[in-house]
There are 2 protein chains.
Amino acid sequence: MKTYLDCYPCFVRQALEAARYAGATQAQQRQVLDQVLDLLRQTEDGLTPPAIGDRVHGVVRRVTRAGDPYHALKQQATREALALYPRLKALVRESKDPLDTALRLSIAGNIIDLGPAPKYDLWEVVERVLEQPFAIDDQDELRDALRSGTDSALLLGDNAGETVFDRVLVEFLNQVHDLQIVYAAKGGPSLNDATLEDARAAGLDRVASLIHNGADAPGTILARCSPAFRKAFDTAPLILAKGQANYECLSDLGCEIYFLLQCKCPVIAADVGVPQGSTVLARR
Amino acid sequence: MKTYLDCYPCFVRQALEAARYAGATQAQQRQVLDQVLDLLRQTEDGLTPPAIGDRVHGVVRRVTRAGDPYHALKQQATREALALYPRLKALVRESKDPLDTALRLSIAGNIIDLGPAPKYDLWEVVERVLEQPFAIDDQDELRDALRSGTDSALLLGDNAGETVFDRVLVEFLNQVHDLQIVYAAKGGPSLNDATLEDARAAGLDRVASLIHNGADAPGTILARCSPAFRKAFDTAPLILAKGQANYECLSDLGCEIYFLLQCKCPVIAADVGVPQGSTVLARR
(Lines give C-alpha, C1' and ligand atoms only; values in the text may rest on other atoms or scores of the structure.)
Protein backbone atom coordinates (compact mmCIF):
# COMPACT_ATOMS: atom_id res chain seq x y z
CA MET A 1 0.00 0.00 0.00
CA LYS A 2 1.29 3.46 -0.81
CA THR A 3 1.66 6.12 1.85
CA TYR A 4 -1.34 8.46 1.76
CA LEU A 5 -1.11 12.10 2.85
CA ASP A 6 -3.41 11.20 5.77
CA CYS A 7 -0.65 8.99 7.15
CA TYR A 8 1.48 12.05 7.96
CA PRO A 9 -0.46 13.42 10.95
CA CYS A 10 -0.47 9.87 12.27
CA PHE A 11 3.34 9.54 12.00
CA VAL A 12 3.69 12.69 14.12
CA ARG A 13 1.19 11.42 16.69
CA GLN A 14 2.85 7.97 16.84
CA ALA A 15 6.29 9.51 17.28
CA LEU A 16 5.13 11.51 20.31
CA GLU A 17 3.32 8.52 21.77
CA ALA A 18 6.33 6.25 21.31
CA ALA A 19 8.61 8.87 22.87
CA ARG A 20 6.35 8.97 25.93
CA TYR A 21 6.22 5.17 26.15
CA ALA A 22 10.02 5.38 26.20
CA GLY A 23 9.88 7.81 29.13
CA ALA A 24 11.17 10.77 27.10
CA THR A 25 11.61 14.10 28.85
CA GLN A 26 9.77 17.14 27.49
CA ALA A 27 13.00 18.25 25.78
CA GLN A 28 13.48 14.82 24.21
CA GLN A 29 9.87 14.83 23.00
CA ARG A 30 10.50 18.20 21.32
CA GLN A 31 13.67 16.77 19.74
CA VAL A 32 11.73 13.76 18.45
CA LEU A 33 9.07 16.08 17.02
CA ASP A 34 11.62 18.27 15.24
CA GLN A 35 13.57 15.33 13.81
CA VAL A 36 10.39 13.59 12.67
CA LEU A 37 9.13 16.77 10.94
CA ASP A 38 12.48 16.95 9.12
CA LEU A 39 12.34 13.29 8.24
CA LEU A 40 8.78 13.49 6.91
CA ARG A 41 9.72 16.52 4.82
CA GLN A 42 12.53 14.54 3.23
CA THR A 43 10.91 11.15 2.57
CA GLU A 44 11.16 10.08 -1.04
CA ASP A 45 8.04 8.96 -2.91
CA GLY A 46 7.05 5.32 -3.17
CA LEU A 47 7.66 4.23 0.43
CA THR A 48 5.03 2.21 2.26
CA PRO A 49 3.75 3.58 5.60
CA PRO A 50 5.71 0.98 7.61
CA ALA A 51 8.92 1.96 5.79
CA ILE A 52 8.41 5.56 6.93
CA GLY A 53 7.21 4.36 10.35
CA ASP A 54 10.45 2.37 10.63
CA ARG A 55 12.45 5.61 10.30
CA VAL A 56 10.13 7.47 12.67
CA HIS A 57 10.53 4.86 15.39
CA GLY A 58 14.28 4.82 14.72
CA VAL A 59 14.33 8.53 15.63
CA VAL A 60 12.46 7.77 18.85
CA ARG A 61 14.90 5.02 19.81
CA ARG A 62 17.93 7.19 19.02
CA VAL A 63 16.70 10.30 20.85
CA THR A 64 15.38 8.47 23.90
CA ARG A 65 18.16 5.86 23.91
CA ALA A 66 15.43 3.36 24.73
CA GLY A 67 16.21 0.02 23.16
CA ASP A 68 12.59 -1.08 23.31
CA PRO A 69 10.10 1.59 24.46
CA TYR A 70 7.22 -0.89 24.33
CA HIS A 71 8.96 -3.68 26.29
CA ALA A 72 6.81 -3.51 29.43
CA LEU A 73 3.61 -2.97 27.45
CA LYS A 74 4.38 -6.01 25.32
CA GLN A 75 4.97 -8.19 28.38
CA GLN A 76 1.71 -6.99 29.89
CA ALA A 77 -0.21 -7.63 26.64
CA THR A 78 1.17 -11.18 26.50
CA ARG A 79 0.24 -11.81 30.13
CA GLU A 80 -3.30 -10.52 29.56
CA ALA A 81 -3.73 -12.63 26.44
CA LEU A 82 -2.33 -15.74 28.14
CA ALA A 83 -4.96 -15.31 30.86
CA LEU A 84 -7.59 -15.66 28.11
CA TYR A 85 -5.86 -18.64 26.47
CA PRO A 86 -8.00 -21.37 28.11
CA ARG A 87 -11.19 -19.52 27.12
CA LEU A 88 -9.92 -19.12 23.54
CA LYS A 89 -9.11 -22.84 23.34
CA ALA A 90 -12.58 -23.68 24.65
CA LEU A 91 -14.19 -21.43 22.02
CA VAL A 92 -12.42 -23.36 19.23
CA ARG A 93 -13.15 -26.75 20.85
CA GLU A 94 -16.84 -26.02 21.21
CA SER A 95 -17.30 -24.33 17.84
CA LYS A 96 -19.40 -25.81 15.05
CA ASP A 97 -16.82 -24.42 12.62
CA PRO A 98 -13.54 -24.52 14.53
CA LEU A 99 -11.37 -23.26 11.62
CA ASP A 100 -13.60 -20.21 11.24
CA THR A 101 -13.42 -19.62 14.99
CA ALA A 102 -9.63 -20.05 15.13
CA LEU A 103 -9.18 -17.63 12.22
CA ARG A 104 -11.54 -15.10 13.80
CA LEU A 105 -9.72 -15.32 17.13
CA SER A 106 -6.38 -14.73 15.46
CA ILE A 107 -7.89 -11.65 13.78
CA ALA A 108 -9.50 -10.53 17.07
CA GLY A 109 -6.03 -10.58 18.64
CA ASN A 110 -4.98 -8.03 16.03
CA ILE A 111 -6.71 -5.35 18.11
CA ILE A 112 -3.63 -5.44 20.39
CA ASP A 113 -1.97 -2.76 18.33
CA LEU A 114 -0.51 0.33 19.91
CA GLY A 115 0.08 2.04 16.55
CA PRO A 116 -3.34 3.25 15.44
CA ALA A 117 -5.39 3.23 18.65
CA PRO A 118 -4.06 2.42 22.09
CA LYS A 119 -7.39 1.69 23.85
CA TYR A 120 -9.53 -1.43 23.59
CA ASP A 121 -11.41 -4.00 25.69
CA LEU A 122 -9.94 -7.32 24.69
CA TRP A 123 -12.81 -9.69 25.45
CA GLU A 124 -15.34 -7.26 23.95
CA VAL A 125 -13.31 -7.37 20.74
CA VAL A 126 -13.20 -11.18 20.83
CA GLU A 127 -17.00 -11.33 21.10
CA ARG A 128 -17.45 -8.73 18.36
CA VAL A 129 -15.12 -10.46 15.92
CA LEU A 130 -16.76 -13.84 16.57
CA GLU A 131 -20.16 -12.38 15.62
CA GLN A 132 -19.28 -9.76 13.00
CA PRO A 133 -19.54 -10.86 9.36
CA PHE A 134 -16.22 -10.69 7.48
CA ALA A 135 -16.07 -7.66 5.17
CA ILE A 136 -13.85 -9.77 2.89
CA ASP A 137 -13.88 -13.52 3.39
CA ASP A 138 -11.58 -15.64 1.25
CA GLN A 139 -11.87 -18.55 3.68
CA ASP A 140 -13.09 -20.89 0.95
CA GLU A 141 -9.86 -20.34 -1.01
CA LEU A 142 -7.86 -20.90 2.17
CA ARG A 143 -9.76 -24.12 2.92
CA ASP A 144 -9.01 -25.30 -0.64
CA ALA A 145 -5.32 -24.56 -0.06
CA LEU A 146 -5.38 -26.50 3.22
CA ARG A 147 -7.06 -29.47 1.52
CA SER A 148 -4.64 -29.46 -1.42
CA GLY A 149 -1.92 -31.28 0.48
CA THR A 150 0.09 -28.24 1.57
CA ASP A 151 2.03 -29.39 4.60
CA SER A 152 3.52 -26.15 5.85
CA ALA A 153 2.79 -22.44 6.00
CA LEU A 154 4.61 -19.26 6.93
CA LEU A 155 2.71 -17.11 9.40
CA LEU A 156 3.95 -13.52 9.53
CA GLY A 157 3.28 -12.38 13.08
CA ASP A 158 2.32 -8.94 14.21
CA ASN A 159 2.01 -7.74 17.80
CA ALA A 160 2.95 -9.13 21.21
CA GLY A 161 -0.16 -10.52 22.89
CA GLU A 162 -1.75 -11.12 19.50
CA THR A 163 0.79 -13.96 19.45
CA VAL A 164 -1.33 -15.88 21.98
CA PHE A 165 -4.34 -15.67 19.68
CA ASP A 166 -2.13 -16.80 16.80
CA ARG A 167 -0.97 -19.74 18.90
CA VAL A 168 -4.57 -20.95 19.13
CA LEU A 169 -4.78 -20.84 15.33
CA VAL A 170 -1.39 -22.51 14.93
CA GLU A 171 -2.37 -25.33 17.29
CA PHE A 172 -5.59 -25.91 15.38
CA LEU A 173 -3.82 -25.95 12.00
CA ASN A 174 -1.20 -28.34 13.46
CA GLN A 175 -3.62 -30.77 14.99
CA VAL A 176 -6.52 -30.81 12.56
CA HIS A 177 -4.88 -29.93 9.23
CA ASP A 178 -1.49 -31.44 9.99
CA LEU A 179 0.10 -28.16 8.91
CA GLN A 180 3.58 -27.25 10.14
CA ILE A 181 3.75 -23.55 10.86
CA VAL A 182 6.83 -21.38 10.56
CA TYR A 183 6.07 -18.32 12.69
CA ALA A 184 8.05 -15.19 11.84
CA ALA A 185 8.65 -12.68 14.61
CA LYS A 186 10.52 -9.39 14.20
CA GLY A 187 14.31 -9.23 14.23
CA GLY A 188 14.31 -6.45 16.81
CA PRO A 189 12.02 -4.10 18.68
CA SER A 190 9.66 -1.86 16.71
CA LEU A 191 6.45 -0.52 18.22
CA ASN A 192 4.70 -3.37 20.06
CA ASP A 193 5.55 -5.89 17.34
CA ALA A 194 6.45 -9.32 18.65
CA THR A 195 10.13 -10.24 18.74
CA LEU A 196 11.40 -13.79 19.30
CA GLU A 197 11.27 -13.12 23.04
CA ASP A 198 7.61 -12.07 22.82
CA ALA A 199 6.70 -15.03 20.62
CA ARG A 200 8.38 -17.40 23.09
CA ALA A 201 6.52 -15.77 25.98
CA ALA A 202 3.29 -16.66 24.17
CA GLY A 203 4.46 -20.29 23.87
CA LEU A 204 4.74 -20.17 20.08
CA ASP A 205 8.13 -21.92 20.18
CA ARG A 206 6.34 -25.04 21.45
CA VAL A 207 3.93 -25.26 18.51
CA ALA A 208 5.73 -23.65 15.55
CA SER A 209 9.20 -23.27 14.07
CA LEU A 210 10.05 -19.84 15.32
CA ILE A 211 12.12 -17.58 13.09
CA HIS A 212 12.73 -13.83 12.95
CA ASN A 213 12.73 -11.62 9.88
CA GLY A 214 16.00 -9.86 10.69
CA ALA A 215 14.47 -6.36 10.82
CA ASP A 216 13.55 -4.08 13.71
CA ALA A 217 10.79 -2.54 11.61
CA PRO A 218 7.00 -2.69 11.57
CA GLY A 219 5.37 -5.15 9.16
CA THR A 220 7.58 -7.01 6.71
CA ILE A 221 9.81 -4.62 4.77
CA LEU A 222 11.49 -7.21 2.55
CA ALA A 223 14.42 -4.93 1.73
CA ARG A 224 15.19 -4.77 5.46
CA CYS A 225 14.79 -8.51 6.10
CA SER A 226 17.59 -11.07 6.39
CA PRO A 227 18.52 -13.45 3.54
CA ALA A 228 17.42 -16.40 5.72
CA PHE A 229 13.99 -14.88 6.14
CA ARG A 230 13.78 -13.95 2.45
CA LYS A 231 14.42 -17.58 1.59
CA ALA A 232 11.69 -18.76 3.95
CA PHE A 233 9.35 -16.15 2.44
CA ASP A 234 10.18 -17.01 -1.19
CA THR A 235 9.78 -20.76 -0.73
CA ALA A 236 6.76 -20.90 1.58
CA PRO A 237 3.93 -22.91 -0.01
CA LEU A 238 1.36 -20.83 1.87
CA ILE A 239 1.70 -17.43 3.54
CA LEU A 240 -0.62 -15.97 6.15
CA ALA A 241 0.12 -12.37 7.16
CA LYS A 242 -1.27 -10.78 10.29
CA GLY A 243 -2.23 -7.17 10.80
CA GLN A 244 -2.27 -3.83 9.08
CA ALA A 245 1.48 -3.27 8.73
CA ASN A 246 1.98 -6.57 6.88
CA TYR A 247 -0.87 -5.60 4.55
CA GLU A 248 0.70 -2.18 4.01
CA CYS A 249 4.08 -3.74 3.20
CA LEU A 250 2.99 -6.67 1.06
CA SER A 251 -0.40 -5.94 -0.52
CA ASP A 252 1.10 -4.72 -3.83
CA LEU A 253 3.72 -7.44 -4.09
CA GLY A 254 1.90 -9.68 -6.53
CA CYS A 255 2.55 -12.96 -4.71
CA GLU A 256 -0.34 -14.84 -3.10
CA ILE A 257 -0.77 -13.98 0.56
CA TYR A 258 -3.72 -14.41 2.91
CA PHE A 259 -4.08 -11.24 4.96
CA LEU A 260 -5.79 -11.57 8.34
CA LEU A 261 -6.50 -8.20 9.91
CA GLN A 262 -8.79 -5.76 11.55
CA CYS A 263 -9.02 -2.53 9.59
CA LYS A 264 -8.59 -0.13 12.51
CA CYS A 265 -7.16 2.71 10.46
CA PRO A 266 -9.52 4.61 8.11
CA VAL A 267 -6.81 5.00 5.46
CA ILE A 268 -6.05 1.27 5.33
CA ALA A 269 -9.77 0.43 5.37
CA ALA A 270 -10.26 2.69 2.33
CA ASP A 271 -7.30 1.05 0.56
CA VAL A 272 -8.69 -2.45 1.28
CA GLY A 273 -12.11 -1.16 0.17
CA VAL A 274 -14.03 -1.94 3.37
CA PRO A 275 -15.56 0.14 6.20
CA GLN A 276 -13.30 1.06 9.12
CA GLY A 277 -13.54 -1.55 11.88
CA SER A 278 -13.96 -4.42 9.40
CA THR A 279 -12.73 -7.95 9.91
CA VAL A 280 -10.84 -9.08 6.83
CA LEU A 281 -9.50 -12.38 5.54
CA ALA A 282 -8.32 -11.44 2.06
CA ARG A 283 -6.25 -13.31 -0.49
CA ARG A 284 -4.17 -10.88 -2.52
CA MET B 1 -2.68 28.75 26.25
CA LYS B 2 0.70 27.57 25.04
CA THR B 3 1.07 25.25 22.09
CA TYR B 4 1.53 21.68 23.29
CA LEU B 5 3.45 19.08 21.27
CA ASP B 6 0.15 17.23 20.77
CA CYS B 7 -1.10 20.18 18.75
CA TYR B 8 1.36 19.36 15.94
CA PRO B 9 -0.29 16.23 14.51
CA CYS B 10 -3.55 18.19 14.61
CA PHE B 11 -2.07 21.09 12.59
CA VAL B 12 -1.06 18.61 9.87
CA ARG B 13 -4.51 16.98 9.88
CA GLN B 14 -6.30 20.35 9.79
CA ALA B 15 -4.14 21.56 6.91
CA LEU B 16 -5.06 18.54 4.78
CA GLU B 17 -8.73 18.85 5.70
CA ALA B 18 -8.81 22.55 4.90
CA ALA B 19 -7.04 21.92 1.57
CA ARG B 20 -9.73 19.39 0.67
CA TYR B 21 -12.54 21.75 1.72
CA ALA B 22 -10.91 24.20 -0.70
CA GLY B 23 -11.07 21.62 -3.49
CA ALA B 24 -7.28 21.15 -3.66
CA THR B 25 -5.88 18.72 -6.21
CA GLN B 26 -3.71 15.86 -4.99
CA ALA B 27 -0.60 17.85 -6.01
CA GLN B 28 -1.82 20.92 -4.13
CA GLN B 29 -2.51 18.80 -1.05
CA ARG B 30 1.06 17.50 -1.21
CA GLN B 31 2.32 21.09 -1.54
CA VAL B 32 0.24 22.13 1.48
CA LEU B 33 1.64 19.20 3.46
CA ASP B 34 5.27 20.03 2.56
CA GLN B 35 4.89 23.72 3.32
CA VAL B 36 3.11 23.03 6.60
CA LEU B 37 5.84 20.59 7.69
CA ASP B 38 8.42 23.31 6.94
CA LEU B 39 6.37 25.91 8.77
CA LEU B 40 5.91 23.72 11.85
CA ARG B 41 9.62 22.98 11.91
CA GLN B 42 10.37 26.70 11.97
CA THR B 43 7.78 28.05 14.44
CA GLU B 44 9.34 30.00 17.26
CA ASP B 45 8.46 29.16 20.86
CA GLY B 46 5.71 30.98 22.73
CA LEU B 47 3.03 31.06 20.04
CA THR B 48 -0.53 30.03 20.89
CA PRO B 49 -2.11 27.25 18.79
CA PRO B 50 -4.35 29.72 16.90
CA ALA B 51 -1.28 31.81 16.00
CA ILE B 52 0.28 28.73 14.40
CA GLY B 53 -3.10 27.69 12.97
CA ASP B 54 -3.34 31.14 11.38
CA ARG B 55 -0.11 30.46 9.46
CA VAL B 56 -1.21 26.92 8.57
CA HIS B 57 -4.49 28.13 7.10
CA GLY B 58 -2.61 30.93 5.34
CA VAL B 59 -0.58 28.22 3.53
CA VAL B 60 -3.81 26.48 2.52
CA ARG B 61 -5.32 29.69 1.14
CA ARG B 62 -2.12 30.58 -0.76
CA VAL B 63 -1.60 27.11 -2.29
CA THR B 64 -5.24 26.50 -3.19
CA ARG B 65 -5.92 30.15 -4.10
CA ALA B 66 -9.24 29.68 -2.33
CA GLY B 67 -10.29 32.90 -0.65
CA ASP B 68 -12.58 31.09 1.76
CA PRO B 69 -12.43 27.27 1.66
CA TYR B 70 -15.21 26.99 4.23
CA HIS B 71 -17.64 29.43 2.55
CA ALA B 72 -20.29 26.92 1.50
CA LEU B 73 -19.98 24.96 4.76
CA LYS B 74 -20.47 28.14 6.76
CA GLN B 75 -23.58 29.08 4.79
CA GLN B 76 -24.97 25.60 5.33
CA ALA B 77 -24.21 25.69 9.08
CA THR B 78 -26.00 29.03 9.39
CA ARG B 79 -29.03 27.71 7.47
CA GLU B 80 -29.20 24.60 9.67
CA ALA B 81 -28.92 26.66 12.85
CA LEU B 82 -31.54 29.17 11.66
CA ALA B 83 -33.94 26.28 11.13
CA LEU B 84 -33.56 25.53 14.87
CA TYR B 85 -33.91 29.20 15.91
CA PRO B 86 -37.64 29.05 16.82
CA ARG B 87 -37.03 25.94 18.96
CA LEU B 88 -34.07 27.62 20.68
CA LYS B 89 -36.18 30.73 21.44
CA ALA B 90 -38.94 28.51 22.85
CA LEU B 91 -36.44 26.72 25.11
CA VAL B 92 -35.37 30.05 26.64
CA ARG B 93 -38.96 31.32 26.89
CA GLU B 94 -40.17 28.20 28.67
CA SER B 95 -37.13 27.79 30.92
CA LYS B 96 -37.29 28.19 34.70
CA ASP B 97 -33.82 29.73 34.49
CA PRO B 98 -33.75 31.46 31.11
CA LEU B 99 -30.25 32.99 31.55
CA ASP B 100 -28.82 29.55 32.29
CA THR B 101 -30.61 28.14 29.24
CA ALA B 102 -29.48 30.99 26.96
CA LEU B 103 -25.87 30.55 28.12
CA ARG B 104 -26.04 26.78 27.63
CA LEU B 105 -27.49 27.17 24.13
CA SER B 106 -24.73 29.57 23.16
CA ILE B 107 -22.22 27.00 24.40
CA ALA B 108 -24.09 24.16 22.64
CA GLY B 109 -23.68 26.09 19.37
CA ASN B 110 -19.93 25.90 19.90
CA ILE B 111 -20.06 22.30 18.64
CA ILE B 112 -20.28 23.78 15.10
CA ASP B 113 -16.52 23.76 14.83
CA LEU B 114 -14.75 22.23 11.87
CA GLY B 115 -11.30 22.52 13.48
CA PRO B 116 -11.13 19.71 16.04
CA ALA B 117 -13.93 17.36 14.95
CA PRO B 118 -16.05 17.77 11.86
CA LYS B 119 -18.95 15.45 12.81
CA TYR B 120 -21.80 16.13 15.21
CA ASP B 121 -25.60 15.90 15.55
CA LEU B 122 -26.69 19.43 16.37
CA TRP B 123 -29.92 18.80 18.25
CA GLU B 124 -28.37 15.91 20.18
CA VAL B 125 -25.67 18.35 21.33
CA VAL B 126 -28.29 20.93 22.34
CA GLU B 127 -30.08 18.34 24.49
CA ARG B 128 -26.81 17.14 26.01
CA VAL B 129 -25.57 20.61 26.89
CA LEU B 130 -28.94 21.54 28.42
CA GLU B 131 -28.71 18.54 30.76
CA GLN B 132 -24.97 18.18 31.37
CA PRO B 133 -23.62 19.85 34.53
CA PHE B 134 -21.04 22.55 33.83
CA ALA B 135 -17.49 21.33 34.54
CA ILE B 136 -16.67 24.94 35.48
CA ASP B 137 -19.57 27.27 36.24
CA ASP B 138 -18.79 30.90 37.03
CA GLN B 139 -22.38 31.89 36.28
CA ASP B 140 -22.81 33.46 39.74
CA GLU B 141 -19.97 35.88 39.02
CA LEU B 142 -21.47 36.65 35.63
CA ARG B 143 -24.90 37.28 37.21
CA ASP B 144 -23.24 39.65 39.70
CA ALA B 145 -21.60 41.50 36.80
CA LEU B 146 -24.96 41.77 35.01
CA ARG B 147 -26.63 43.12 38.17
CA SER B 148 -23.85 45.64 38.84
CA GLY B 149 -25.17 48.13 36.31
CA THR B 150 -22.95 47.14 33.40
CA ASP B 151 -24.83 48.33 30.33
CA SER B 152 -22.77 46.81 27.55
CA ALA B 153 -20.61 43.81 26.77
CA LEU B 154 -18.27 42.65 24.05
CA LEU B 155 -19.06 39.18 22.76
CA LEU B 156 -16.17 37.60 20.84
CA GLY B 157 -17.82 35.32 18.31
CA ASP B 158 -16.53 32.03 17.04
CA ASN B 159 -18.01 29.96 14.24
CA ALA B 160 -20.67 30.48 11.57
CA GLY B 161 -23.88 28.76 12.65
CA GLU B 162 -22.86 29.09 16.29
CA THR B 163 -23.77 32.75 15.61
CA VAL B 164 -27.48 31.80 15.61
CA PHE B 165 -27.13 30.30 19.08
CA ASP B 166 -25.26 33.44 20.17
CA ARG B 167 -28.11 35.55 18.80
CA VAL B 168 -30.52 33.82 21.19
CA LEU B 169 -28.22 34.75 24.09
CA VAL B 170 -27.76 38.32 22.79
CA GLU B 171 -31.53 38.80 22.50
CA PHE B 172 -32.05 37.55 26.03
CA LEU B 173 -29.32 39.82 27.45
CA ASN B 174 -30.80 42.75 25.48
CA GLN B 175 -34.35 42.27 26.56
CA VAL B 176 -34.04 41.03 30.11
CA HIS B 177 -30.79 42.56 31.31
CA ASP B 178 -30.93 45.68 29.12
CA LEU B 179 -27.39 44.91 28.00
CA GLN B 180 -26.12 46.30 24.68
CA ILE B 181 -23.94 43.75 22.96
CA VAL B 182 -21.03 44.49 20.66
CA TYR B 183 -20.55 41.32 18.65
CA ALA B 184 -17.08 40.81 17.14
CA ALA B 185 -16.83 38.73 13.99
CA LYS B 186 -13.57 37.94 12.16
CA GLY B 187 -11.95 40.43 9.79
CA GLY B 188 -11.61 37.80 7.06
CA PRO B 189 -12.06 34.10 6.42
CA SER B 190 -10.28 31.59 8.63
CA LEU B 191 -11.54 28.05 9.09
CA ASN B 192 -15.33 28.19 9.64
CA ASP B 193 -15.06 31.27 11.87
CA ALA B 194 -17.84 33.78 11.36
CA THR B 195 -17.06 36.89 9.32
CA LEU B 196 -19.34 39.94 9.19
CA GLU B 197 -21.21 38.28 6.32
CA ASP B 198 -21.79 35.14 8.42
CA ALA B 199 -22.87 37.15 11.46
CA ARG B 200 -25.33 39.13 9.33
CA ALA B 201 -26.71 35.90 7.85
CA ALA B 202 -27.50 34.83 11.42
CA GLY B 203 -29.35 38.12 12.02
CA LEU B 204 -26.84 39.38 14.58
CA ASP B 205 -26.76 42.84 12.95
CA ARG B 206 -30.36 43.31 14.05
CA VAL B 207 -29.69 42.68 17.73
CA ALA B 208 -26.07 43.74 18.34
CA SER B 209 -23.53 46.31 17.21
CA LEU B 210 -21.61 44.23 14.74
CA ILE B 211 -17.85 44.82 14.43
CA HIS B 212 -14.97 42.79 13.06
CA ASN B 213 -11.59 42.23 14.65
CA GLY B 214 -9.55 43.05 11.56
CA ALA B 215 -7.85 39.65 11.36
CA ASP B 216 -8.41 36.63 9.12
CA ALA B 217 -7.18 34.36 11.89
CA PRO B 218 -8.77 31.85 14.27
CA GLY B 219 -9.64 33.12 17.76
CA THR B 220 -8.55 36.61 18.78
CA ILE B 221 -4.83 37.11 18.14
CA LEU B 222 -4.59 40.65 19.52
CA ALA B 223 -1.35 41.39 17.65
CA ARG B 224 -3.19 40.70 14.40
CA CYS B 225 -6.31 42.73 15.27
CA SER B 226 -7.14 46.25 14.09
CA PRO B 227 -6.66 49.32 16.32
CA ALA B 228 -10.45 49.88 16.27
CA PHE B 229 -11.03 46.38 17.61
CA ARG B 230 -8.23 46.73 20.17
CA LYS B 231 -9.95 49.85 21.49
CA ALA B 232 -13.29 48.05 21.78
CA PHE B 233 -11.51 45.17 23.53
CA ASP B 234 -9.56 47.39 25.94
CA THR B 235 -12.57 49.48 26.96
CA ALA B 236 -15.28 46.81 27.15
CA PRO B 237 -16.80 46.70 30.65
CA LEU B 238 -17.57 43.00 30.22
CA ILE B 239 -16.11 40.46 27.77
CA LEU B 240 -17.63 37.12 26.84
CA ALA B 241 -15.47 34.92 24.59
CA LYS B 242 -16.85 31.99 22.66
CA GLY B 243 -15.06 28.78 21.80
CA GLN B 244 -11.75 27.04 22.09
CA ALA B 245 -9.64 29.35 19.91
CA ASN B 246 -10.59 32.43 21.94
CA TYR B 247 -9.63 30.52 25.10
CA GLU B 248 -6.32 29.48 23.52
CA CYS B 249 -5.56 33.09 22.52
CA LEU B 250 -6.71 34.94 25.63
CA SER B 251 -6.58 32.61 28.65
CA ASP B 252 -3.15 33.80 29.79
CA LEU B 253 -3.81 37.49 29.18
CA GLY B 254 -4.58 38.48 32.75
CA CYS B 255 -7.68 40.56 31.99
CA GLU B 256 -11.11 39.35 33.14
CA ILE B 257 -12.93 37.37 30.45
CA TYR B 258 -15.84 34.93 30.65
CA PHE B 259 -15.03 31.97 28.42
CA LEU B 260 -18.00 29.99 27.09
CA LEU B 261 -16.93 26.81 25.38
CA GLN B 262 -17.17 23.12 24.85
CA CYS B 263 -13.85 21.40 25.46
CA LYS B 264 -13.82 19.22 22.35
CA CYS B 265 -10.05 18.91 22.13
CA PRO B 266 -8.24 16.74 24.74
CA VAL B 267 -5.29 19.14 24.92
CA ILE B 268 -7.46 22.19 25.65
CA ALA B 269 -9.55 20.18 28.14
CA ALA B 270 -6.36 19.27 30.01
CA ASP B 271 -5.21 22.90 29.99
CA VAL B 272 -8.60 24.06 31.33
CA GLY B 273 -8.41 21.21 33.86
CA VAL B 274 -11.66 19.44 32.91
CA PRO B 275 -12.57 16.17 31.16
CA GLN B 276 -12.80 16.21 27.36
CA GLY B 277 -16.38 16.98 26.26
CA SER B 278 -17.00 19.34 29.17
CA THR B 279 -19.24 22.38 29.11
CA VAL B 280 -17.39 25.34 30.55
CA LEU B 281 -18.33 28.86 31.65
CA ALA B 282 -15.11 30.07 33.20
CA ARG B 283 -14.03 33.49 34.36
CA ARG B 284 -10.29 33.92 33.87
# chains A, B, ... in the order shown; residues from 1 in each chain; ligands from 1
call {"tool": "select_by_dssp", "arguments": {"residues": "stretch 78-246 of chain B", "states": "alpha helix (DSSP H)", "output": "ChimeraX atom specification"}}
result
/B:78-93,98-108,122-131,139-147,162-177,196-201,227-235,243-246
call {"tool": "closest_atom_pairs", "arguments": {"of": "chain B", "to": "chain A", "cutoff": "12 Å", "atoms": "only C-alpha atoms", "output": "Markdown table"}}
result
| residue | atom | partner | partner_atom | distance |
| --- | --- | --- | --- | --- |
| B:Thr3 | CA | A:Arg30 | CA | 11.8 |
| B:Tyr4 | CA | A:Arg30 | CA | 9.8 |
| B:Leu5 | CA | A:Arg30 | CA | 7.1 |
| B:Asp6 | CA | A:Arg13 | CA | 7.2 |
| B:Cys7 | CA | A:Arg13 | CA | 9.3 |
| B:Tyr8 | CA | A:Val12 | CA | 7.3 |
| B:Pro9 | CA | A:Pro9 | CA | 4.5 |
| B:Cys10 | CA | A:Pro9 | CA | 6.8 |
| B:Phe11 | CA | A:Pro9 | CA | 8.0 |
| B:Val12 | CA | A:Pro9 | CA | 5.3 |
| B:Arg13 | CA | A:Pro9 | CA | 5.5 |
| B:Gln14 | CA | A:Pro9 | CA | 9.1 |
| B:Ala15 | CA | A:Pro9 | CA | 9.8 |
| B:Leu16 | CA | A:Asp6 | CA | 7.6 |
| B:Glu17 | CA | A:Asp6 | CA | 9.3 |
| B:Ala19 | CA | A:Leu5 | CA | 11.5 |
| B:Arg20 | CA | A:Leu5 | CA | 11.5 |
| B:Gln26 | CA | A:Leu5 | CA | 9.1 |
| B:Ala27 | CA | A:Leu5 | CA | 10.6 |
| B:Gln28 | CA | A:Leu5 | CA | 11.3 |
| B:Gln29 | CA | A:Leu5 | CA | 7.9 |
| B:Arg30 | CA | A:Leu5 | CA | 7.1 |
| B:Gln31 | CA | A:Leu5 | CA | 10.6 |
| B:Val32 | CA | A:Leu5 | CA | 10.2 |
| B:Leu33 | CA | A:Leu5 | CA | 7.6 |
| B:Asp34 | CA | A:Arg41 | CA | 6.1 |
| B:Gln35 | CA | A:Arg41 | CA | 8.8 |
| B:Val36 | CA | A:Arg41 | CA | 9.4 |
| B:Leu37 | CA | A:Leu37 | CA | 6.0 |
| B:Asp38 | CA | A:Arg41 | CA | 7.2 |
| B:Leu39 | CA | A:Leu37 | CA | 9.8 |
| B:Leu40 | CA | A:Leu37 | CA | 7.7 |
| B:Arg41 | CA | A:Asp34 | CA | 6.1 |
| B:Gln42 | CA | A:Asp34 | CA | 9.1 |
| B:Thr43 | CA | A:Asp34 | CA | 10.5 |
| B:Asp45 | CA | A:Arg30 | CA | 11.2 |
call {"tool": "closest_residue", "arguments": {"among": "B:Val267, B:Gln244, B:Gln139, B:Leu154", "to": "B:Ile211", "atoms": "only C-alpha atoms"}}
result
B:Leu154
call {"tool": "atom_distance", "arguments": {"atom1": "atom CA of A:Gly188", "atom2": "atom CA of A:Cys225"}}
result
10.9 Å
call {"tool": "atom_distance", "arguments": {"atom1": "atom CA of B:Val170", "atom2": "atom CA of B:Leu84"}}
result
16.1 Å
